[in-house]
file structure33.txt (compact mmCIF, C-alpha atoms and all ligand atoms)
# COMPACT_ATOMS: atom_id res chain seq x y z
CA MET A 1 94.66 67.72 104.01
CA ALA A 2 92.33 70.54 105.06
CA THR A 3 93.82 72.77 107.75
CA GLY A 4 91.08 75.40 108.08
CA GLN A 5 93.57 78.27 108.02
CA VAL A 6 95.82 80.09 105.56
CA GLU A 7 99.50 79.90 106.55
CA VAL A 8 102.35 81.86 104.96
CA VAL A 9 105.81 80.32 105.49
CA ILE A 10 108.78 82.66 104.98
CA LEU A 11 111.40 80.70 103.02
CA GLY A 12 113.99 83.42 102.43
CA ILE A 13 114.73 86.94 103.65
CA SER A 14 117.80 87.90 101.63
CA GLN A 15 118.29 89.96 98.50
CA ASP A 16 118.73 88.07 95.19
CA GLY A 17 122.40 87.22 95.90
CA GLY A 18 121.69 85.26 99.13
CA VAL A 19 124.08 84.81 102.07
CA PRO A 20 126.81 83.81 101.46
CA GLN A 21 126.82 85.82 98.25
CA PRO A 22 128.97 84.00 95.68
CA GLY A 23 132.59 85.07 95.91
CA CYS A 24 132.05 87.49 98.82
CA ARG A 25 134.64 87.75 101.60
CA CYS A 26 132.68 89.97 103.98
CA ASN A 27 132.32 88.89 107.62
CA THR A 28 128.63 88.06 107.29
CA CYS A 29 129.22 85.78 104.31
CA ALA A 30 132.33 84.23 105.88
CA SER A 31 130.54 83.44 109.16
CA SER A 32 127.75 81.65 107.29
CA ILE A 33 130.20 79.17 105.77
CA GLU A 34 130.86 77.39 109.08
CA GLU A 35 127.44 78.21 110.55
CA PRO A 36 124.69 76.92 108.23
CA SER A 37 121.96 78.58 110.33
CA ARG A 38 123.32 81.95 109.14
CA ARG A 39 122.87 81.08 105.46
CA LEU A 40 119.97 82.98 103.96
CA HIS A 41 117.95 82.30 100.85
CA PRO A 42 116.58 84.90 98.43
CA VAL A 43 113.05 86.05 99.29
CA SER A 44 110.24 83.56 98.73
CA CYS A 45 107.10 82.35 100.54
CA VAL A 46 104.98 79.25 100.45
CA ILE A 47 101.29 79.56 101.29
CA ARG A 48 99.24 76.60 102.48
CA GLY A 49 95.56 77.16 101.80
CA ILE A 50 92.67 76.06 104.02
CA ASP A 51 92.28 72.95 101.85
CA GLY A 52 95.97 72.02 102.27
CA SER A 53 96.91 73.22 98.77
CA ILE A 54 100.46 74.61 98.36
CA HIS A 55 101.26 77.86 96.52
CA LEU A 56 104.66 79.46 95.92
CA ILE A 57 105.61 83.14 95.51
CA GLU A 58 108.93 83.57 93.59
CA ALA A 59 111.09 80.74 92.20
CA THR A 60 114.66 81.24 93.41
CA ARG A 61 117.73 79.17 92.62
CA ARG A 62 117.52 77.73 96.18
CA LEU A 63 114.11 76.21 95.37
CA ASP A 64 115.21 72.73 96.45
CA GLU A 65 116.22 73.83 99.95
CA GLN A 66 113.26 76.17 100.26
CA LEU A 67 110.67 73.50 99.42
CA ALA A 68 112.37 71.14 101.88
CA MET A 69 112.22 73.93 104.49
CA ALA A 70 108.50 74.48 103.82
CA SER A 71 107.87 70.77 104.17
CA SER A 72 109.74 70.67 107.48
CA VAL A 73 107.94 73.73 108.89
CA LEU A 74 104.52 72.43 107.84
CA GLY A 75 105.29 68.93 109.14
CA LEU A 76 104.67 67.25 105.79
CA GLY A 77 107.56 64.77 105.81
CA THR A 78 108.23 64.67 102.08
CA SER A 79 109.30 67.51 99.79
CA ILE A 80 106.33 69.44 98.53
CA ILE A 81 105.23 70.27 94.99
CA PRO A 82 103.83 73.79 94.53
CA GLU A 83 100.44 73.68 92.84
CA THR A 84 100.73 77.29 91.63
CA LEU A 85 103.40 79.97 91.29
CA CYS A 86 103.08 83.77 91.49
CA LEU A 87 105.91 86.13 90.45
CA THR A 88 106.54 89.79 91.36
CA HIS A 89 108.99 90.60 88.53
CA ALA A 90 111.69 89.12 86.34
CA HIS A 91 114.97 90.03 88.04
CA LEU A 92 117.19 86.97 88.18
CA GLY A 93 117.01 86.18 91.91
CA HIS A 94 113.22 85.91 91.73
CA ILE A 95 112.96 83.60 88.72
CA ASP A 96 116.14 81.58 88.35
CA GLY A 97 114.51 78.51 89.91
CA LEU A 98 111.95 78.25 87.11
CA GLY A 99 114.00 75.57 85.34
CA GLN A 100 113.59 73.26 88.37
CA PHE A 101 109.94 72.76 87.45
CA GLY A 102 110.89 71.18 84.12
CA LYS A 103 112.17 67.85 82.78
CA GLU A 104 115.58 67.94 84.43
CA SER A 105 114.11 68.08 87.92
CA MET A 106 110.42 68.00 88.94
CA GLY A 107 109.09 67.11 85.49
CA LEU A 108 105.87 69.11 85.88
CA SER A 109 103.55 70.51 83.25
CA GLY A 110 100.61 72.90 83.28
CA VAL A 111 101.50 74.51 86.64
CA PRO A 112 99.45 77.75 86.82
CA LEU A 113 101.88 80.70 86.80
CA PHE A 114 100.38 84.07 87.76
CA ALA A 115 102.22 87.24 86.73
CA SER A 116 101.80 90.51 84.85
CA ASP A 117 101.59 90.67 81.07
CA SER A 118 105.15 91.99 80.80
CA VAL A 119 106.64 89.25 83.02
CA VAL A 120 104.82 86.53 81.08
CA SER A 121 105.92 88.01 77.71
CA LEU A 122 109.54 88.19 78.84
CA LEU A 123 109.55 84.58 80.11
CA ARG A 124 107.87 83.39 76.93
CA GLY A 125 110.60 85.14 74.91
CA ARG A 126 113.24 83.25 76.91
CA ASP A 127 111.40 79.95 76.41
CA SER A 128 111.03 79.55 80.21
CA LEU A 129 107.33 78.69 80.32
CA GLY A 130 107.46 75.00 79.29
CA PRO A 131 106.27 73.55 82.64
CA PHE A 132 103.70 76.31 83.19
CA ASP A 133 100.22 77.37 82.22
CA SER A 134 100.72 81.14 82.30
CA ARG A 135 97.85 83.33 83.49
CA ILE A 136 98.18 87.07 82.93
CA VAL A 137 96.99 89.06 85.92
CA GLN A 138 95.78 92.68 85.91
CA PRO A 139 97.00 94.79 88.83
CA GLY A 140 94.35 95.65 91.41
CA VAL A 141 92.05 92.77 90.47
CA PRO A 142 91.80 90.06 93.18
CA PHE A 143 91.94 86.43 92.07
CA SER A 144 92.00 83.03 93.70
CA PRO A 145 94.97 80.84 92.66
CA SER A 146 92.91 77.66 93.07
CA GLU A 147 89.35 76.80 93.96
CA GLY A 148 88.90 76.17 97.67
CA CYS A 149 92.33 77.51 98.80
CA GLY A 150 90.62 80.13 101.00
CA PHE A 151 92.72 83.14 99.99
CA GLU A 152 93.10 85.64 97.16
CA TYR A 153 96.05 87.39 95.56
CA THR A 154 96.08 90.96 94.25
CA LEU A 155 99.05 92.42 92.35
CA VAL A 156 99.93 96.01 93.31
CA GLN A 157 102.21 97.80 90.86
CA VAL A 158 105.39 99.51 92.17
CA PRO A 159 108.22 101.32 90.34
CA HIS A 160 111.44 99.28 90.17
CA ARG A 161 114.27 99.27 87.57
CA ASP A 162 111.88 98.05 84.93
CA GLU A 163 114.50 97.21 82.29
CA HIS A 164 113.23 93.62 81.90
CA SER A 165 109.63 93.70 83.12
CA ASP A 166 107.35 95.73 85.37
CA THR A 167 107.23 94.96 89.11
CA HIS A 168 104.40 94.27 91.54
CA ALA A 169 103.93 93.65 95.22
CA VAL A 170 101.61 90.74 96.03
CA MET A 171 98.77 91.17 98.49
CA VAL A 172 97.49 87.95 100.06
CA ARG A 173 94.02 88.12 101.59
CA GLY A 174 93.15 85.23 103.91
CA GLY A 175 90.00 84.68 105.97
CA ALA A 176 91.03 87.05 108.76
CA LYS A 177 94.08 89.08 107.68
CA ARG A 178 95.89 90.60 104.72
CA LEU A 179 99.61 90.43 104.03
CA LEU A 180 101.58 92.56 101.55
CA PHE A 181 104.76 91.02 100.09
CA LEU A 182 106.85 93.94 98.76
CA PRO A 183 110.45 92.78 98.19
CA ASP A 184 111.65 95.35 95.62
CA HIS A 185 110.87 98.96 94.78
CA ASP A 186 113.03 101.95 93.85
CA ASP A 187 112.05 104.76 96.18
CA TRP A 188 109.25 105.86 98.43
CA GLY A 189 108.53 109.09 96.53
CA GLN A 190 107.77 107.26 93.28
CA THR A 191 105.92 104.40 94.94
CA LEU A 192 103.65 106.70 96.93
CA THR A 193 102.97 108.85 93.86
CA MET A 194 102.00 105.74 91.90
CA ALA A 195 99.76 104.66 94.80
CA GLY A 196 98.22 108.13 95.08
CA SER A 197 99.07 108.27 98.82
CA LYS A 198 100.77 111.00 100.83
CA GLY A 199 102.62 108.67 103.19
CA ILE A 200 103.47 105.04 103.90
CA ARG A 201 100.85 104.81 106.65
CA GLU A 202 98.13 106.17 104.37
CA TRP A 203 99.07 103.71 101.63
CA PHE A 204 99.10 100.65 103.90
CA SER A 205 95.87 101.78 105.51
CA SER A 206 94.20 102.13 102.08
CA LEU A 207 95.27 98.55 101.29
CA GLU A 208 93.92 97.44 104.71
CA VAL A 209 96.99 95.28 105.31
CA ASP A 210 97.78 93.72 108.69
CA VAL A 211 101.32 92.48 107.91
CA VAL A 212 103.87 93.90 105.45
CA LEU A 213 107.01 92.09 104.33
CA LEU A 214 108.90 95.19 103.21
CA ASP A 215 111.95 95.91 101.05
CA GLY A 216 114.79 96.50 103.53
CA THR A 217 117.67 95.73 101.13
CA PHE A 218 120.08 98.32 102.55
CA TRP A 219 120.40 99.91 105.97
CA ASP A 220 121.69 103.28 104.73
CA SER A 221 123.23 104.95 101.72
CA ASP A 222 126.87 104.37 102.81
CA GLU A 223 126.56 100.63 102.61
CA LEU A 224 128.05 99.65 99.25
CA GLU A 225 131.69 100.67 99.35
CA GLY A 226 133.05 101.18 95.86
CA ARG A 227 129.67 100.78 94.14
CA ASP A 228 127.22 103.41 93.04
CA MET A 229 124.00 102.74 94.94
CA ALA A 230 122.06 104.48 92.15
CA ASP A 231 122.69 101.24 90.16
CA VAL A 232 120.59 99.31 92.66
CA PRO A 233 117.98 101.74 93.98
CA HIS A 234 115.96 100.70 97.04
CA PRO A 235 114.64 102.88 99.88
CA THR A 236 116.97 102.30 102.85
CA ILE A 237 115.66 101.00 106.16
CA CYS A 238 116.81 104.30 107.72
CA GLU A 239 114.58 106.23 105.33
CA SER A 240 111.61 103.93 105.98
CA LEU A 241 112.09 104.33 109.75
CA SER A 242 112.31 108.10 109.52
CA ARG A 243 109.15 108.28 107.37
CA LEU A 244 107.28 105.89 109.69
CA GLY A 245 108.50 106.88 113.14
CA GLU A 246 107.43 104.59 115.96
CA ARG A 247 104.68 102.05 115.49
CA ARG A 248 101.26 103.37 116.54
CA GLU A 249 98.03 101.67 117.44
CA GLY A 250 96.32 100.38 114.30
CA ASP A 251 99.55 100.17 112.28
CA PRO A 252 100.32 96.91 110.46
CA ARG A 253 103.22 94.71 111.56
CA ILE A 254 106.14 95.62 109.29
CA LEU A 255 108.93 93.07 108.87
CA PHE A 256 111.91 93.92 106.66
CA ILE A 257 112.99 91.40 104.00
CA HIS A 258 115.21 91.27 100.86
CA LEU A 259 118.27 92.09 103.00
CA ASN A 260 121.60 92.51 101.24
CA HIS A 261 124.53 90.58 102.76
CA THR A 262 126.00 93.96 103.79
CA ASN A 263 122.96 94.94 105.88
CA PRO A 264 123.91 95.29 109.58
CA VAL A 265 120.46 94.16 110.79
CA LEU A 266 121.55 90.63 109.82
CA ASP A 267 123.74 90.67 112.93
CA PRO A 268 121.42 89.72 115.81
CA LYS A 269 123.55 91.78 118.22
CA SER A 270 123.66 94.95 116.10
CA GLU A 271 122.63 98.38 117.29
CA GLN A 272 120.70 98.76 114.01
CA LEU A 273 118.49 95.71 114.66
CA ARG A 274 117.87 96.97 118.22
CA ARG A 275 116.73 100.28 116.78
CA VAL A 276 114.24 98.64 114.36
CA VAL A 277 112.77 96.54 117.16
CA SER A 278 112.67 99.40 119.69
CA MET A 279 110.54 101.40 117.23
CA GLY A 280 108.00 98.56 117.09
CA TRP A 281 108.99 97.08 113.71
CA GLY A 282 110.97 93.92 112.94
CA VAL A 283 113.11 91.84 110.60
CA ALA A 284 111.50 88.71 109.15
CA GLU A 285 112.91 85.29 109.97
CA GLN A 286 113.29 82.29 107.71
CA ARG A 287 111.01 79.39 108.72
CA SER A 288 108.52 81.67 110.46
CA VAL A 289 104.79 81.25 109.83
CA ILE A 290 102.15 83.97 109.57
CA VAL A 291 98.51 82.88 109.83
CA LEU A 292 96.04 84.94 107.78
ZN ZN B 1 115.16 91.27 94.33
ZN ZN B 2 129.11 89.17 101.87
call {"tool": "encode", "arguments": {"input": "structure33.txt", "output": "structure tokens", "more": "lines below"}}
Ligand SMILES: [Zn+2]
Ligand SMILES: [Zn+2]
result
Amino acid sequence: MATGQVEVVILGISQDGGVPQPGCRCNTCASSIEEPSRRLHPVSCVIRGIDGSIHLIEATRRLDEQLAMASSVLGLGTSIIPETLCLTHAHLGHIDGLGQFGKESMGLSGVPLFASDSVVSLLRGRDSLGPFDSRIVQPGVPFSPSEGCGFEYTLVQVPHRDEHSDTHAVMVRGGAKRLLFLPDHDDWGQTLTMAGSKGIREWFSSLEVDVVLLDGTFWDSDELEGRDMADVPHPTICESLSRLGERREGDPRILFIHLNHTNPVLDPKSEQLRRVVSMGWGVAEQRSVIVL
């Protein structure tokens, strides 16, 4: 059914482990056990094109619930079948729903899967591409996932623990606006060097993006008691806020995603969330829709 607009539905805002994270006894995870509305899925989006076609970014292990959520938000009644899939990288939380496309569940074949050469090679080596028709994408080159969908993707390379595959952000360009989906990167210094930009503002401005779903995994560097945060490098929200300062006229909307279960912004009453919002930025919400 043609809708005439490109809609992005946010289906998950948590880091790969989700909330509750398996086996975790923290307060955030515990409170989500009795309160299903506090359960969070790993990051993923569905995009409905202007022709009604359905496209998925990331295949998480909560694919079943996320497709049902997309169907509910878009008012489609029955569970939806993604016509294409685009992947940022090959860390487990972003790909462990791939098996759901195969014989044991949806029974699909030939689903176009867009990803970098290194992600496709890795998945081929693990024999994970059975249901897919893989299409290798070059970074920086826009492409349309299907004819008539009314939007284009562009992969933008970012540095991120590349032990399995390289990593990209995905830019989605609709008829009126551009969105950047950037769930994982290691640190701002390396990312900005790779982008050839002096600051975050300059980089986003060069990409001409209107909305950014940005890696906000951790609030600050004291967050993982008993674990070395160098094992899981991400720029903290505190660092992003101090580099950005307050939102200025002409800045994109920045919404933090990929939140670890330990991140205090997950508490709607937290001082930390108030600070993000008071500076003009935000935290993304599951089930929200962004029109491009
Ligand atoms: Zn991740
Ligand atoms: Zn927890």
call {"tool": "closest_residue", "arguments": {"input": "structure33.txt", "among": "A:Ile33, A:Met106, A:Leu214, A:Val6", "to": "ligand ZN 2 (chain B)", "atoms": "all atoms listed in the file"}}
result
A:Ile33
call {"tool": "residues_near_ligand", "arguments": {"input": "structure33.txt", "ligand": "ligand ZN 1 (chain B)", "cutoff": "12 Å", "atoms": "all atoms listed in the file", "output": "PyMOL selection string"}}
result
chain A and resi 12-18+41-44+58-60+87-96+160-161+167-169+181-186+214-218+232-234+257-260
call {"tool": "closest_atom_pairs", "arguments": {"input": "structure33.txt", "of": "chain A", "to": "ligand ZN 2 (chain B)", "cutoff": "6 Å", "atoms": "all atoms listed in the file", "output": "JSON lines"}}
result
{"residue": "A:Pro20", "atom": "CA", "partner": "B:ZN2", "partner_atom": "ZN", "distance": 5.8}
{"residue": "A:Gln21", "atom": "CA", "partner": "B:ZN2", "partner_atom": "ZN", "distance": 5.4}
{"residue": "A:Cys24", "atom": "CA", "partner": "B:ZN2", "partner_atom": "ZN", "distance": 4.6}
{"residue": "A:Arg25", "atom": "CA", "partner": "B:ZN2", "partner_atom": "ZN", "distance": 5.7}
{"residue": "A:Cys26", "atom": "CA", "partner": "B:ZN2", "partner_atom": "ZN", "distance": 4.2}
{"residue": "A:Thr28", "atom": "CA", "partner": "B:ZN2", "partner_atom": "ZN", "distance": 5.6}
{"residue": "A:Cys29", "atom": "CA", "partner": "B:ZN2", "partner_atom": "ZN", "distance": 4.2}
{"residue": "A:His261", "atom": "CA", "partner": "B:ZN2", "partner_atom": "ZN", "distance": 4.9}
call {"tool": "write_last_selection", "arguments": {"input": "structure33.txt", "atoms": "C-alpha atoms", "output": "mmCIF file, keeping the file's coordinate frame"}}
result
data_model
loop_
_atom_site.group_PDB
_atom_site.id
_atom_site.type_symbol
_atom_site.label_atom_id
_atom_site.label_comp_id
_atom_site.auth_asym_id
_atom_site.auth_seq_id
_atom_site.Cartn_x
_atom_site.Cartn_y
_atom_site.Cartn_z
ATOM 1 C CA PRO A 20 126.810 83.810 101.460
ATOM 2 C CA GLN A 21 126.820 85.820 98.250
ATOM 3 C CA CYS A 24 132.050 87.490 98.820
ATOM 4 C CA ARG A 25 134.640 87.750 101.600
ATOM 5 C CA CYS A 26 132.680 89.970 103.980
ATOM 6 C CA THR A 28 128.630 88.060 107.290
ATOM 7 C CA CYS A 29 129.220 85.780 104.310
ATOM 8 C CA HIS A 261 124.530 90.580 102.760
#
call {"tool": "residues_around", "arguments": {"input": "structure33.txt", "residues": "A:Gly77", "least_positions_apart": "6", "cutoff": "12 Å", "atoms": "only C-alpha atoms", "output": "PyMOL selection string"}}
result
chain A and resi 67-71
call {"tool": "closest_residue", "arguments": {"input": "structure33.txt", "among": "A:Leu56, A:Leu180, A:Leu123, A:Val265", "to": "A:Asp220", "atoms": "only C-alpha atoms"}}
result
A:Val265
call {"tool": "closest_residue", "arguments": {"input": "structure33.txt", "among": "A:Ile200, A:Ile57, A:Val291, A:Leu98", "to": "A:Met171", "atoms": "only C-alpha atoms"}}
result
A:Ile57
call {"tool": "atom_distance", "arguments": {"input": "structure33.txt", "atom1": "atom CA of A:Pro142", "atom2": "atom CA of A:Gly99"}}
result
27.6 Å
call {"tool": "closest_residue", "arguments": {"input": "structure33.txt", "among": "A:Ile54, A:Leu244, A:Ile254, A:Cys149", "to": "A:Ile80", "atoms": "only C-alpha atoms"}}
result
A:Ile54
call {"tool": "residues_around", "arguments": {"input": "structure33.txt", "residues": "A:Ile50", "least_positions_apart": "2", "cutoff": "9 Å", "atoms": "all atoms listed in the file", "output": "ChimeraX atom specification"}}
result
/A:1-7,48,52-53,148-151
call {"tool": "atom_distance", "arguments": {"input": "structure33.txt", "atom1": "atom CA of A:Pro82", "atom2": "atom CA of A:Ser116"}}
result
19.4 Å
call {"tool": "atom_distance", "arguments": {"input": "structure33.txt", "atom1": "atom CA of A:Ala284", "atom2": "atom CA of A:Phe256"}}
result
5.8 Å
call {"tool": "residues_around", "arguments": {"input": "structure33.txt", "residues": "A:Val137", "least_positions_apart": "3", "cutoff": "8 Å", "atoms": "only C-alpha atoms", "output": "PyMOL selection string"}}
result
chain A and resi 114-117+141+155
call {"tool": "closest_residue", "arguments": {"input": "structure33.txt", "among": "A:Arg178, A:Lys103, A:Arg38, A:Arg124", "to": "A:Pro252", "atoms": "all atoms listed in the file"}}
result
A:Arg178
call {"tool": "closest_residue", "arguments": {"input": "structure33.txt", "among": "A:Val120, A:Trp188, A:Pro264, A:Gly75", "to": "A:Asp166", "atoms": "all atoms listed in the file"}}
result
A:Val120
call {"tool": "residues_near_point", "arguments": {"input": "structure33.txt", "point": "(107.5, 79.3, 109.0)", "cutoff": "7 Å", "atoms": "only C-alpha atoms", "output": "mmCIF file with C-alpha atoms, in the coordinates of the input"}}
result
data_model
loop_
_atom_site.group_PDB
_atom_site.id
_atom_site.type_symbol
_atom_site.label_atom_id
_atom_site.label_comp_id
_atom_site.auth_asym_id
_atom_site.auth_seq_id
_atom_site.Cartn_x
_atom_site.Cartn_y
_atom_site.Cartn_z
ATOM 1 C CA VAL A 9 105.810 80.320 105.490
ATOM 2 C CA ILE A 10 108.780 82.660 104.980
ATOM 3 C CA VAL A 73 107.940 73.730 108.890
ATOM 4 C CA GLN A 286 113.290 82.290 107.710
ATOM 5 C CA ARG A 287 111.010 79.390 108.720
ATOM 6 C CA SER A 288 108.520 81.670 110.460
ATOM 7 C CA VAL A 289 104.790 81.250 109.830
#
call {"tool": "residues_around", "arguments": {"input": "structure33.txt", "residues": "A:Leu292", "least_positions_apart": "4", "cutoff": "6 Å", "atoms": "all atoms listed in the file", "output": "JSON, numbers by chain"}}
result
{"A": [6, 174, 176, 177]}
call {"tool": "build_atoms", "arguments": {"input": "structure33.txt", "residues": "stretch 196-225 of chain A", "atoms": "N, CA and C atoms", "output": "compact mmCIF listing (two decimals), in the frame of the given file"}}
result
# COMPACT_ATOMS: atom_id res chain seq x y z
N GLY A 196 99.12 107.02 94.79
CA GLY A 196 98.22 108.13 95.08
C GLY A 196 98.07 108.38 96.58
N SER A 197 99.13 108.08 97.36
CA SER A 197 99.07 108.27 98.82
C SER A 197 100.13 109.27 99.25
N LYS A 198 99.82 109.99 100.33
CA LYS A 198 100.77 111.00 100.83
C LYS A 198 101.89 110.38 101.67
N GLY A 199 101.60 109.28 102.33
CA GLY A 199 102.62 108.67 103.19
C GLY A 199 102.47 107.16 103.22
N ILE A 200 103.47 106.51 103.84
CA ILE A 200 103.47 105.04 103.90
C ILE A 200 102.25 104.55 104.68
N ARG A 201 101.99 105.22 105.82
CA ARG A 201 100.85 104.81 106.65
C ARG A 201 99.54 104.87 105.87
N GLU A 202 99.38 105.99 105.13
CA GLU A 202 98.13 106.17 104.37
C GLU A 202 97.99 105.08 103.32
N TRP A 203 99.13 104.74 102.66
CA TRP A 203 99.07 103.71 101.63
C TRP A 203 98.69 102.35 102.23
N PHE A 204 99.39 101.95 103.30
CA PHE A 204 99.10 100.65 103.90
C PHE A 204 97.68 100.62 104.45
N SER A 205 97.22 101.75 104.97
CA SER A 205 95.87 101.78 105.51
C SER A 205 94.85 101.64 104.37
N SER A 206 95.14 102.26 103.19
CA SER A 206 94.20 102.13 102.08
C SER A 206 94.15 100.69 101.56
N LEU A 207 95.26 99.95 101.72
CA LEU A 207 95.27 98.55 101.29
C LEU A 207 94.70 97.62 102.37
N GLU A 208 94.46 98.21 103.55
CA GLU A 208 93.92 97.44 104.71
C GLU A 208 94.77 96.23 105.03
N VAL A 209 96.10 96.42 105.04
CA VAL A 209 96.99 95.28 105.31
C VAL A 209 97.32 95.20 106.80
N ASP A 210 97.46 93.97 107.28
CA ASP A 210 97.78 93.72 108.69
C ASP A 210 99.26 93.41 108.88
N VAL A 211 99.90 92.83 107.85
CA VAL A 211 101.32 92.48 107.91
C VAL A 211 101.96 92.90 106.60
N VAL A 212 103.14 93.52 106.67
CA VAL A 212 103.87 93.90 105.45
C VAL A 212 105.27 93.32 105.51
N LEU A 213 105.63 92.55 104.49
CA LEU A 213 107.01 92.09 104.33
C LEU A 213 107.65 93.09 103.38
N LEU A 214 108.51 93.96 103.91
CA LEU A 214 108.90 95.19 103.21
C LEU A 214 110.36 95.20 102.79
N ASP A 215 110.60 95.71 101.59
CA ASP A 215 111.95 95.91 101.05
C ASP A 215 112.84 96.63 102.07
N GLY A 216 113.82 95.90 102.60
CA GLY A 216 114.79 96.50 103.53
C GLY A 216 116.20 96.19 103.06
N THR A 217 116.41 96.19 101.73
CA THR A 217 117.67 95.73 101.13
C THR A 217 118.90 96.32 101.83
N PHE A 218 118.91 97.65 101.95
CA PHE A 218 120.08 98.32 102.55
C PHE A 218 119.68 99.04 103.83
N TRP A 219 120.63 99.14 104.75
CA TRP A 219 120.40 99.91 105.97
C TRP A 219 120.46 101.40 105.68
N ASP A 220 121.58 101.85 105.06
CA ASP A 220 121.69 103.28 104.73
C ASP A 220 122.48 103.46 103.44
N SER A 221 122.67 104.71 103.05
CA SER A 221 123.23 104.95 101.72
C SER A 221 124.76 104.83 101.68
N ASP A 222 125.40 104.53 102.82
CA ASP A 222 126.87 104.37 102.81
C ASP A 222 127.28 102.91 102.68
N GLU A 223 126.30 102.04 102.40
CA GLU A 223 126.56 100.63 102.61
C GLU A 223 127.41 99.94 101.55
N LEU A 224 127.33 100.36 100.31
CA LEU A 224 128.05 99.65 99.25
C LEU A 224 129.34 100.37 98.91
N GLU A 225 130.41 100.03 99.62
CA GLU A 225 131.69 100.67 99.35
C GLU A 225 132.12 100.36 97.93
